[in-house]
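Participant: Sharing query.cif (mmCIF, C-alpha atoms) below.
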```cif
data_coords
loop_
_atom_site.label_atom_id
_atom_site.label_comp_id
_atom_site.auth_asym_id
_atom_site.auth_seq_id
_atom_site.Cartn_x
_atom_site.Cartn_y
_atom_site.Cartn_z
CA MET A 1 11.18 -7.42 -18.61
CA PRO A 2 12.91 -4.15 -19.43
CA ILE A 3 11.02 -2.02 -21.96
CA HIS A 4 12.86 -2.30 -25.27
CA LEU A 5 13.44 0.77 -27.43
CA SER A 6 11.11 -0.52 -30.16
CA HIS A 7 8.32 -0.98 -27.60
CA LEU A 8 8.97 2.48 -26.15
CA ARG A 9 8.75 4.04 -29.61
CA SER A 10 5.45 2.25 -30.18
CA ILE A 11 4.08 3.53 -26.88
CA ILE A 12 5.17 7.10 -27.66
CA THR A 13 3.75 6.94 -31.19
CA PHE A 14 0.45 5.57 -29.92
CA SER A 15 0.27 8.25 -27.23
CA ILE A 16 0.94 11.02 -29.75
CA CYS A 17 -1.77 9.68 -32.05
CA ILE A 18 -4.26 9.55 -29.21
CA GLY A 19 -3.23 13.02 -28.13
CA LEU A 20 -3.91 14.36 -31.62
CA ILE A 21 -7.18 12.52 -32.20
CA LEU A 22 -8.90 13.10 -28.87
CA PRO A 23 -8.97 16.92 -28.98
CA ILE A 24 -10.48 16.86 -32.47
CA TYR A 25 -13.14 14.40 -31.39
CA ALA A 26 -13.77 16.31 -28.18
CA GLN A 27 -14.54 19.52 -30.10
CA GLU A 28 -17.48 17.76 -31.70
CA THR A 29 -18.75 15.84 -28.66
CA ASN A 30 -17.68 18.14 -25.81
CA LEU A 31 -16.08 15.03 -24.29
CA VAL A 32 -13.26 16.81 -22.52
CA LYS A 33 -15.62 19.18 -20.73
CA ARG A 34 -17.83 16.36 -19.51
CA VAL A 35 -14.86 14.30 -18.30
CA TRP A 36 -13.26 17.31 -16.61
CA ASN A 37 -16.45 18.24 -14.77
CA SER A 38 -17.20 14.66 -13.79
CA VAL A 39 -13.71 13.92 -12.47
CA PHE A 40 -11.97 17.09 -11.37
CA ASN A 41 -14.94 19.28 -10.50
CA ASP A 42 -16.78 16.34 -8.90
CA THR A 43 -20.18 17.68 -9.88
CA THR A 44 -22.13 14.71 -8.49
CA SER A 45 -23.91 15.24 -5.18
CA ILE A 46 -21.94 14.29 -2.09
CA GLU A 47 -24.08 11.27 -1.19
CA ARG A 48 -23.77 9.67 -4.64
CA PRO A 49 -21.14 6.94 -5.32
CA LYS A 50 -18.09 8.05 -7.30
CA LEU A 51 -15.77 6.16 -9.66
CA ILE A 52 -12.60 7.39 -11.33
CA ALA A 53 -9.92 5.60 -13.39
CA TYR A 54 -6.75 7.10 -14.83
CA PRO A 55 -3.29 6.05 -16.08
CA THR A 56 -0.25 6.38 -13.82
CA VAL A 57 3.51 6.65 -14.24
CA ALA A 58 5.69 6.22 -11.18
CA TYR A 59 9.14 5.24 -9.96
CA SER A 60 10.10 3.36 -6.80
CA PRO A 61 13.09 1.32 -5.60
CA GLU A 62 11.10 -1.91 -6.00
CA THR A 63 10.02 -1.35 -9.59
CA GLU A 64 12.09 1.38 -11.26
CA TRP A 65 9.75 2.93 -13.87
CA GLU A 66 6.22 1.71 -13.58
CA PHE A 67 3.23 2.18 -15.90
CA GLY A 68 -0.25 1.41 -14.69
CA LEU A 69 -3.95 2.12 -14.42
CA SER A 70 -5.57 3.15 -11.14
CA ALA A 71 -9.24 3.21 -10.18
CA VAL A 72 -11.10 4.09 -7.01
CA TYR A 73 -14.77 3.68 -6.12
CA VAL A 74 -16.16 5.41 -3.03
CA TYR A 75 -19.64 5.43 -1.54
CA TYR A 76 -21.69 5.86 1.63
CA ALA A 77 -23.88 2.94 2.74
CA ASN A 78 -27.50 3.70 1.85
CA GLN A 79 -26.18 6.98 0.37
CA ASP A 80 -26.25 8.41 3.89
CA ILE A 81 -23.32 10.78 4.53
CA LYS A 82 -23.64 10.14 8.27
CA ASN A 83 -22.16 6.72 7.52
CA ARG A 84 -18.43 6.31 7.05
CA LEU A 85 -17.02 6.58 3.56
CA SER A 86 -16.32 3.14 2.05
CA GLU A 87 -13.67 2.71 -0.64
CA ILE A 88 -12.46 0.14 -3.15
CA ASN A 89 -9.07 0.82 -4.69
CA ALA A 90 -7.63 -1.04 -7.71
CA PHE A 91 -4.23 -0.70 -9.35
CA SER A 92 -2.77 -2.64 -12.29
CA PHE A 93 0.84 -2.19 -13.38
CA ILE A 94 3.83 -3.28 -15.42
CA THR A 95 7.39 -2.25 -14.59
CA GLN A 96 10.88 -2.16 -16.00
CA GLU A 97 11.83 -4.88 -13.52
CA GLN A 98 9.59 -7.50 -15.20
CA GLN A 99 6.90 -7.07 -12.57
CA TYR A 100 3.23 -6.93 -13.37
CA GLY A 101 0.04 -7.50 -11.48
CA LEU A 102 -3.19 -6.29 -9.94
CA TRP A 103 -3.67 -4.84 -6.45
CA MET A 104 -7.06 -4.28 -4.83
CA ASP A 105 -7.72 -2.77 -1.40
CA HIS A 106 -11.00 -2.12 0.34
CA ALA A 107 -12.43 -0.68 3.54
CA LEU A 108 -16.20 -1.20 3.55
CA TYR A 109 -18.64 -0.11 6.23
CA SER A 110 -22.25 -1.25 6.51
CA ASP A 111 -25.09 1.05 7.55
CA LYS A 112 -24.30 2.64 10.93
CA SER A 113 -20.92 0.86 10.74
CA LYS A 114 -22.24 -2.30 12.35
CA TRP A 115 -19.98 -4.37 10.09
CA PHE A 116 -16.51 -3.51 8.83
CA PHE A 117 -14.77 -5.37 5.99
CA LEU A 118 -11.08 -4.56 5.61
CA GLY A 119 -8.86 -6.35 3.12
CA ARG A 120 -6.51 -6.47 0.19
CA ILE A 121 -5.68 -8.66 -2.79
CA ARG A 122 -2.28 -8.89 -4.51
CA LEU A 123 -1.92 -10.81 -7.76
CA GLN A 124 1.52 -10.32 -9.26
CA GLN A 125 4.46 -11.74 -11.12
CA PHE A 126 7.81 -10.45 -9.97
CA PRO A 127 11.42 -10.74 -9.76
CA LEU A 128 12.53 -9.20 -6.48
CA LEU A 129 15.95 -8.58 -5.06
CA TYR A 130 16.92 -10.54 -1.96
CA PHE A 131 19.38 -8.89 0.44
CA GLY A 132 19.33 -11.49 3.22
CA THR A 133 17.75 -11.23 6.67
CA GLY A 134 18.45 -9.04 9.66
CA PRO A 135 19.24 -5.35 10.23
CA ASP A 136 22.89 -5.57 9.16
CA THR A 137 22.55 -6.42 5.47
CA ASP A 138 24.85 -4.06 3.59
CA GLY A 139 22.77 -3.35 0.50
CA GLU A 140 24.47 -5.89 -1.74
CA GLU A 141 21.95 -7.92 -3.73
CA LEU A 142 22.53 -11.57 -2.88
CA ALA A 143 19.99 -12.99 -5.31
CA GLN A 144 17.07 -12.32 -7.58
CA ILE A 145 13.96 -14.37 -6.88
CA ASP A 146 11.33 -14.85 -9.58
CA ALA A 147 7.84 -16.06 -8.71
CA GLY A 148 4.14 -15.69 -9.24
CA SER A 149 2.34 -14.57 -6.12
CA ILE A 150 -1.25 -14.54 -4.86
CA SER A 151 -2.01 -12.89 -1.53
CA ILE A 152 -5.51 -12.35 -0.12
CA ARG A 153 -5.93 -10.78 3.32
CA GLU A 154 -9.42 -10.22 4.74
CA ARG A 155 -10.96 -9.09 8.02
CA VAL A 156 -14.68 -9.44 8.80
CA LEU A 157 -15.39 -7.40 11.92
CA ARG A 158 -18.53 -6.74 13.97
CA LYS A 159 -19.08 -3.70 16.15
CA ILE A 160 -19.21 -4.71 19.81
CA GLN A 161 -19.30 -1.27 21.45
CA GLY A 162 -18.91 2.23 20.03
CA ASN A 163 -15.88 2.22 17.70
CA LEU A 164 -14.62 -1.16 18.91
CA TYR A 165 -14.80 -4.16 16.55
CA LEU A 166 -14.01 -7.85 16.97
CA GLY A 167 -13.84 -10.38 14.20
CA PHE A 168 -12.30 -13.01 12.01
CA GLU A 169 -9.01 -12.55 10.17
CA SER A 170 -7.80 -14.70 7.30
CA ASP A 171 -4.84 -14.74 4.96
CA PHE A 172 -4.05 -16.81 1.87
CA HIS A 173 -0.57 -16.66 0.39
CA ARG A 174 0.70 -18.70 -2.54
CA LEU A 175 3.96 -18.71 -4.49
CA SER A 176 4.47 -20.61 -7.74
CA ASN A 177 7.13 -20.92 -10.46
CA VAL A 178 9.78 -19.91 -7.91
CA SER A 179 13.38 -19.62 -9.07
CA LEU A 180 16.52 -18.03 -7.64
CA THR A 181 19.39 -16.43 -9.55
CA SER A 182 22.43 -15.83 -7.39
CA LEU A 183 24.02 -12.36 -7.73
CA SER A 184 26.78 -12.70 -5.15
CA ASN A 185 30.11 -14.49 -5.32
CA GLU A 186 30.12 -14.85 -1.55
CA PRO A 187 28.27 -17.70 0.20
CA TYR A 188 24.97 -16.84 1.88
CA GLU A 189 22.11 -18.63 3.57
CA THR A 190 19.44 -19.68 1.08
CA PRO A 191 16.01 -18.31 2.09
CA VAL A 192 13.20 -20.61 3.15
CA GLY A 193 10.36 -20.93 0.66
CA LEU A 194 12.07 -21.40 -2.70
CA GLN A 195 9.42 -23.80 -3.95
CA LYS A 196 5.76 -23.77 -4.82
CA PHE A 197 3.70 -23.46 -1.64
CA SER A 198 0.35 -22.30 -0.27
CA ASN A 199 -0.23 -20.98 3.24
CA ILE A 200 -3.56 -20.31 4.92
CA GLY A 201 -3.70 -18.21 8.07
CA LEU A 202 -6.73 -18.03 10.37
CA GLY A 203 -7.08 -15.85 13.42
CA LEU A 204 -8.83 -13.12 15.37
CA GLY A 205 -8.51 -9.37 15.31
CA LEU A 206 -9.54 -6.52 17.59
CA VAL A 207 -9.96 -3.10 15.94
CA TYR A 208 -10.74 0.36 17.26
CA ASP A 209 -11.66 2.70 14.42
CA SER A 210 -13.00 6.25 14.77
CA ARG A 211 -12.03 7.38 11.24
CA HIS A 212 -14.71 8.78 8.94
CA ASN A 213 -12.78 8.86 5.65
CA VAL A 214 -10.09 6.17 5.42
CA LEU A 215 -8.48 7.76 2.33
CA ASN A 216 -7.94 11.10 4.03
CA VAL A 217 -8.26 10.99 7.80
CA ARG A 218 -8.43 14.41 9.40
CA GLU A 219 -9.18 13.33 12.96
CA GLY A 220 -9.44 10.08 14.87
CA PHE A 221 -7.68 6.89 15.85
CA PHE A 222 -7.23 3.49 14.26
CA GLY A 223 -5.80 0.57 16.19
CA GLU A 224 -5.59 -3.09 15.25
CA THR A 225 -4.09 -6.06 17.02
CA GLY A 226 -4.47 -9.76 16.44
CA PHE A 227 -2.85 -12.94 15.23
CA LEU A 228 -2.88 -15.37 12.32
CA ARG A 229 -2.05 -19.06 12.69
CA TYR A 230 -0.78 -20.97 9.64
CA ASP A 231 -1.18 -24.71 10.15
CA ASP A 232 -1.15 -27.88 8.05
CA ARG A 233 -4.50 -28.83 9.59
CA TRP A 234 -6.16 -26.29 7.29
CA GLY A 235 -3.87 -26.66 4.31
CA SER A 236 -0.72 -24.66 4.99
CA ASP A 237 2.61 -25.96 3.74
CA PHE A 238 4.45 -24.02 6.47
CA GLU A 239 3.52 -23.77 10.14
CA PHE A 240 4.00 -20.47 11.96
CA THR A 241 2.12 -17.73 13.81
CA SER A 242 2.05 -14.03 12.98
CA TYR A 243 1.24 -11.38 15.60
CA PHE A 244 0.66 -7.75 14.69
CA PHE A 245 -0.10 -4.35 16.18
CA ASP A 246 -0.93 -1.19 14.22
CA ALA A 247 -1.80 2.14 15.88
CA ARG A 248 -2.52 5.39 13.98
CA TYR A 249 -3.42 8.76 15.44
CA TYR A 250 -4.66 11.82 13.54
CA LEU A 251 -4.63 15.27 15.13
CA PRO A 252 -6.20 18.27 13.35
CA VAL A 253 -3.90 21.29 13.81
CA THR A 254 -6.04 23.69 11.77
CA SER A 255 -9.03 23.17 9.50
CA SER A 256 -6.65 22.19 6.66
CA GLN A 257 -3.58 20.85 8.47
CA VAL A 258 -3.23 17.41 10.04
CA PHE A 259 -0.51 15.75 12.10
CA ALA A 260 -0.57 11.98 11.54
CA SER A 261 1.47 9.29 13.30
CA GLN A 262 1.73 5.51 13.21
CA VAL A 263 3.45 2.76 15.18
CA TYR A 264 3.63 -0.71 13.64
CA PHE A 265 4.90 -3.99 15.09
CA SER A 266 4.89 -7.52 13.71
CA GLU A 267 6.33 -10.75 15.06
CA VAL A 268 6.57 -14.06 13.19
CA GLN A 269 7.17 -17.20 15.25
CA GLY A 270 7.93 -20.48 13.52
CA ASN A 271 9.10 -21.63 10.13
CA ALA A 272 7.86 -18.87 7.82
CA PRO A 273 8.92 -18.54 4.16
CA PHE A 274 10.99 -15.53 3.13
CA SER A 275 7.95 -13.77 1.60
CA GLN A 276 5.98 -13.89 4.87
CA LEU A 277 8.61 -12.65 7.25
CA SER A 278 8.24 -9.13 8.67
CA LEU A 279 9.15 -6.86 5.75
CA MET A 280 10.31 -3.24 5.96
CA GLY A 281 9.80 -0.71 3.18
CA GLY A 282 7.25 -0.09 0.45
CA GLU A 283 4.72 2.55 -0.54
CA SER A 284 3.15 3.06 2.92
CA LEU A 285 5.58 2.44 5.79
CA MET A 286 9.27 3.39 5.58
CA ARG A 287 8.90 4.91 2.13
CA GLY A 288 12.32 5.20 0.48
CA TYR A 289 13.31 1.60 1.18
CA TYR A 290 12.78 -1.29 -1.19
CA LEU A 291 9.98 -3.52 0.14
CA GLY A 292 11.82 -6.37 1.85
CA ARG A 293 15.17 -4.58 1.77
CA PHE A 294 15.24 -5.50 5.47
CA ARG A 295 13.32 -8.60 6.59
CA ASP A 296 13.36 -10.84 9.65
CA GLN A 297 11.10 -12.39 12.29
CA THR A 298 10.35 -9.07 14.00
CA LEU A 299 9.68 -5.54 12.71
CA LEU A 300 9.21 -2.35 14.69
CA ALA A 301 8.62 0.92 12.83
CA ALA A 302 7.07 4.34 13.39
CA GLN A 303 6.35 7.32 11.18
CA THR A 304 4.93 10.82 11.40
CA GLU A 305 3.55 13.05 8.68
CA TYR A 306 2.44 16.68 8.56
CA ARG A 307 -0.21 17.36 5.91
CA PHE A 308 -1.50 20.55 4.27
CA LEU A 309 -4.87 19.54 2.79
CA PRO A 310 -4.91 21.87 0.94
CA PHE A 311 -2.69 24.95 1.24
CA SER A 312 -4.43 28.03 2.61
CA PHE A 313 -3.85 29.83 -0.71
CA SER A 314 -5.16 27.01 -2.95
CA GLU A 315 -8.44 25.12 -3.29
CA ARG A 316 -6.94 21.93 -4.73
CA TRP A 317 -3.18 21.74 -4.08
CA GLY A 318 -1.52 20.63 -0.86
CA ALA A 319 1.60 18.91 0.41
CA ALA A 320 3.01 16.67 3.11
CA ALA A 321 6.32 16.05 4.84
CA PHE A 322 7.10 12.75 6.54
CA VAL A 323 9.79 10.83 8.40
CA GLY A 324 9.98 7.21 9.53
CA VAL A 325 12.26 5.02 11.61
CA GLY A 326 12.33 1.25 11.88
CA THR A 327 14.37 -1.89 12.30
CA VAL A 328 14.10 -5.68 12.15
CA SER A 329 15.50 -8.49 14.27
CA ASP A 330 15.24 -12.24 14.83
CA GLY A 331 13.05 -11.72 17.91
CA VAL A 332 11.66 -9.10 20.27
CA GLN A 333 14.54 -9.61 22.69
CA SER A 334 17.02 -8.86 19.91
CA LEU A 335 15.56 -5.49 18.85
CA ASP A 336 18.43 -3.00 18.84
CA MET A 337 17.47 0.69 18.72
CA SER A 338 21.02 1.56 17.65
CA LYS A 339 20.24 -0.15 14.34
CA LEU A 340 17.22 1.97 13.49
CA LYS A 341 16.94 2.91 9.82
CA VAL A 342 15.66 6.35 8.86
CA ALA A 343 13.69 7.45 5.80
CA GLY A 344 11.76 10.59 5.02
CA GLY A 345 10.60 12.93 2.34
CA THR A 346 7.92 15.21 1.04
CA GLY A 347 5.15 15.15 -1.50
CA VAL A 348 2.42 17.09 -3.25
CA ARG A 349 -1.32 16.53 -2.96
CA PHE A 350 -4.15 17.27 -5.39
CA LEU A 351 -7.81 17.27 -4.34
CA ILE A 352 -9.26 14.85 -6.86
CA PHE A 353 -12.72 14.36 -5.27
CA ARG A 354 -13.73 17.75 -3.91
CA SER A 355 -17.02 16.79 -2.27
CA LYS A 356 -15.61 13.61 -0.69
CA ASP A 357 -12.30 15.16 0.44
CA ILE A 358 -10.01 12.67 -1.33
CA PHE A 359 -6.53 13.59 -2.55
CA THR A 360 -4.08 11.87 -4.85
CA ARG A 361 -0.48 11.90 -3.66
CA PHE A 362 2.95 12.01 -5.25
CA ASP A 363 5.71 11.40 -2.69
CA VAL A 364 9.48 11.60 -3.00
CA ALA A 365 11.29 9.69 -0.25
CA VAL A 366 14.97 9.39 0.57
CA SER A 367 16.84 6.77 2.58
CA GLU A 368 20.39 5.51 2.84
CA ASP A 369 19.63 3.43 -0.26
CA GLY A 370 18.58 6.39 -2.42
CA LEU A 371 15.34 7.90 -3.72
CA GLY A 372 11.88 6.45 -4.17
CA TYR A 373 8.86 7.96 -5.93
CA TYR A 374 5.27 6.97 -5.11
CA PHE A 375 1.99 7.91 -6.81
CA PHE A 376 -1.28 6.72 -5.26
CA ILE A 377 -4.85 7.75 -4.44
CA GLY A 378 -5.28 8.42 -0.73
CA GLU A 379 -2.74 8.95 2.01
CA ALA A 380 -0.05 6.43 2.91
CA PHE A 381 -1.72 5.68 6.27
#
```
Would you write the structure of this file as structure tokens?
Facilitator:
Amino acid sequence: MPIHLSHLRSIITFSICIGLILPIYAQETNLVKRVWNSVFNDTTSIERPKLIAYPTVAYSPETEWEFGLSAVYVYYANQDIKNRLSEINAFSFITQEQQYGLWMDHALYSDKSKWFFLGRIRLQQFPLLYFGTGPDTDGEELAQIDAGSISIRERVLRKIQGNLYLGFESDFHRLSNVSLTSLSNEPYETPVGLQKFSNIGLGLGLVYDSRHNVLNVREGFFGETGFLRYDDRWGSDFEFTSYFFDARYYLPVTSSQVFASQVYFSEVQGNAPFSQLSLMGGESLMRGYYLGRFRDQTLLAAQTEYRFLPFSFSERWGAAAFVGVGTVSDGVQSLDMSKLKVAGGTGVRFLIFRSKDIFTRFDVAVSEDGLGYYFFIGEAF
């Protein structure tokens, strides 16, 4: 739902009132000083857990203007800084494109990293633009698809040797109240999955992970490969198999500069709905493209990023520059490198948790489809 002028005036009026009242109250209670020290000066000891929540305003091709609330909770198992930093990230939002929802991501390590729990939850209501499938879609919106979506992806992994983990992967994906509004006068192939459905994927994953801080990796390697099988024997409405490979390498150039790179591949075999094909774009990989602007059975993408964390002349401010390339196809054999799409950009960083080395990022990305703006805690990958 677009934000009407009357609603916008109410929001602005409310914000002004809060802005006038809070300073007066803070003079009596010293609230601002306590909040500032707790959040931005990070006065808690390094081994103690840390929680922060704050409002966000952002813009991206998928959402247009977006208003939300972000929160992150970080801790070390047993409050031992020799353990890897665990994080839980939550983000609620409402956008000009009638989208709203709740996202939660987590990367949790047990003591001595014997167990690793990696997952995400997406609860959202959206309309999204559908451009068709394949690498040759011309940017014309064919349809708008409205639906409610629940997606829960979880990995439970056990260390088998050093930084190598093996474990169980699961995925639950449900769409409800699905409707399509055609936006094109030309005929096009209707996507699969325009009805209420639930899919359950079960599989195995192999992970190598030498990262210490998943929100800001300064050195190490992360690699994951595995598969998920969606089958009616365990309740899926569609039957297909998803294979995936994700490799990320982090090279420290100086004490405050990092070169990061990622290669990502996914392959869907079988009768998958439009929302579970390989999707290109979004806030992490191929920033600058609308999530799902290009979709098909197969996706191959890579990106690199150079990070200043922070600048040599600043204690809190940094920046990053990034570029990505990728394409989709209807199978591995059909991948055509001449149809690679390019996106790139730059962004600023602010050290929000000093003792735990966590930055918040604001990225501006450009692609052949235009600009995208992204505001999140932690790096894109």
Participant: Output as a Markdown table one row per residue of segment 195-271 of chain A within 12 Å of segment 354-357 of chain A: the closest atom pair and its distance in Å to one decimal place, counting only C-alpha atoms, sorted by chain and residue number ascending.
Facilitator:
```
| residue | atom | partner | partner_atom | distance |
| --- | --- | --- | --- | --- |
| A:His212 | CA | A:Lys356 | CA | 10.8 |
| A:Asn213 | CA | A:Asp357 | CA | 8.2 |
| A:Val214 | CA | A:Asp357 | CA | 10.5 |
| A:Leu215 | CA | A:Asp357 | CA | 8.5 |
| A:Asn216 | CA | A:Asp357 | CA | 7.0 |
| A:Val217 | CA | A:Asp357 | CA | 9.4 |
| A:Arg218 | CA | A:Asp357 | CA | 9.8 |
| A:Ser256 | CA | A:Asp357 | CA | 11.0 |
```
Participant: Suppose a student applies the PyMOL selection byres ((chain A and resi 297) around 12) to this structure; what residues should they get, written as a VMD selection string?
Facilitator: chain A and resid 133 to 135 240 to 244 265 to 280 294 to 296 298 to 300 327 to 335
Participant: Let me make sure I understand: among A:Gln257, A:Phe245, A:Pro187, A:Tyr250, which one has the smallest atom-to-atom distance to Pro310 of chain A if we use only C-alpha atoms?
Facilitator: A:Gln257
Participant: Apply the PyMOL selection byres ((chain A and resi 92-99) around 6) to the displayed file and report the matching residues as an MDAnalysis selection string.
Facilitator: chainID A and resid 1:3 63 65:69 91 100:102 125:126
Participant: Suppose you want the space between atom CA of Val192 of chain A and atom CA of Leu118 of chain A; what is it in Å?
Facilitator: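 Here the two named atoms are 29.2 Å from each other.
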Participant: Determine the residue membership of the PyMOL selection byres ((chain A and resi 119) around 8) for the file above and supply it as number ranges by chain.
Facilitator: A: 105-107, 117-118, 120-121, 152-155
Participant: Could you tell me how far atom CA of Val207 of chain A lies from atom CA of Thr225 of chain A, in Å and to one decimal?
Facilitator: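 Those two atoms sit 6.7 Å apart.
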Participant: Quick one, how far is atom CA of Phe353 of chain A from atom CA of Phe308 of chain A?
Facilitator: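 Separating atom CA of Phe353 of chain A from atom CA of Phe308 of chain A is a distance of 16.0 Å.
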Participant: Considering only C-alpha atoms, can you say which of A:Leu51, A:Lys114, A:Ile352, A:Ile46 comes closest to Glu87 of chain A?
Facilitator: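 Nearest candidate to Glu87 of chain A out of A:Leu51, A:Lys114, A:Ile352, A:Ile46: A:Leu51.
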Participant: Within 9 Å of segment 164-169 of chain A, which residues of segment 218-287 of chain A show up? Give each one with its shortest atom-to-atom distance in Å (one decimal) and the two atoms involved, counting only C-alpha atoms, rows by chain then rising residue number, as a Markdown table.
Facilitator:
```
| residue | atom | partner | partner_atom | distance |
| --- | --- | --- | --- | --- |
| A:Gly226 | CA | A:Glu169 | CA | 8.2 |
| A:Phe227 | CA | A:Glu169 | CA | 8.0 |
| A:Leu228 | CA | A:Glu169 | CA | 7.1 |
```
Participant: Which neighbours of Asn78 of chain A fall inside 9 Å, counting all atoms listed in the file, when residues of the same chain fewer than 4 positions from it are skipped, and could you give them as an mmCIF file with C-alpha atoms, keeping the file's coordinate frame?
Facilitator:
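Result file is result_9.cif:
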```
data_model
loop_
_atom_site.group_PDB
_atom_site.id
_atom_site.type_symbol
_atom_site.label_atom_id
_atom_site.label_comp_id
_atom_site.auth_asym_id
_atom_site.auth_seq_id
_atom_site.Cartn_x
_atom_site.Cartn_y
_atom_site.Cartn_z
ATOM 1 C CA GLU A 47 -24.080 11.270 -1.190
ATOM 2 C CA ASN A 83 -22.160 6.720 7.520
ATOM 3 C CA SER A 110 -22.250 -1.250 6.510
ATOM 4 C CA ASP A 111 -25.090 1.050 7.550
#
```
Participant: Within 9 Å of Gln195 of chain A, counting only C-alpha atoms, which residues show up once you throw out same-chain ones fewer than 4 positions away? Write them as a ChimeraX atom specification, please.
Facilitator: /A:175-179
Participant: Nearest residue to Phe376 of chain A out of A:Leu285, A:Ala90, A:Val258, A:Ile81, using all atoms listed in the file?
Facilitator: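 Selected residue with least distance to Phe376 of chain A: A:Ala90.
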Participant: Measuring between all atoms listed in the file, which one of A:Leu251, A:Ala302, A:Ile377, A:Ile200 shows the shortest distance to Arg233 of chain A?
Facilitator: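 Between A:Leu251, A:Ala302, A:Ile377, A:Ile200, the residue approaching Arg233 of chain A most closely is A:Ile200.
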Participant: Of the residues A:Leu183, A:Ala319, A:Leu340, A:Val364, which is the one nearest to Glu283 of chain A, using only C-alpha atoms?
Facilitator: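 Looking at the shortest contact to Glu283 of chain A, the residue is A:Val364.
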Participant: Name the closest residue to Ile358 of chain A among the candidates A:Arg316, A:Gly201, A:Met104, A:Ala143; distances are taken between atoms, counting all atoms listed in the file.
Facilitator: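 Nearest candidate to Ile358 of chain A out of A:Arg316, A:Gly201, A:Met104, A:Ala143: A:Arg316.
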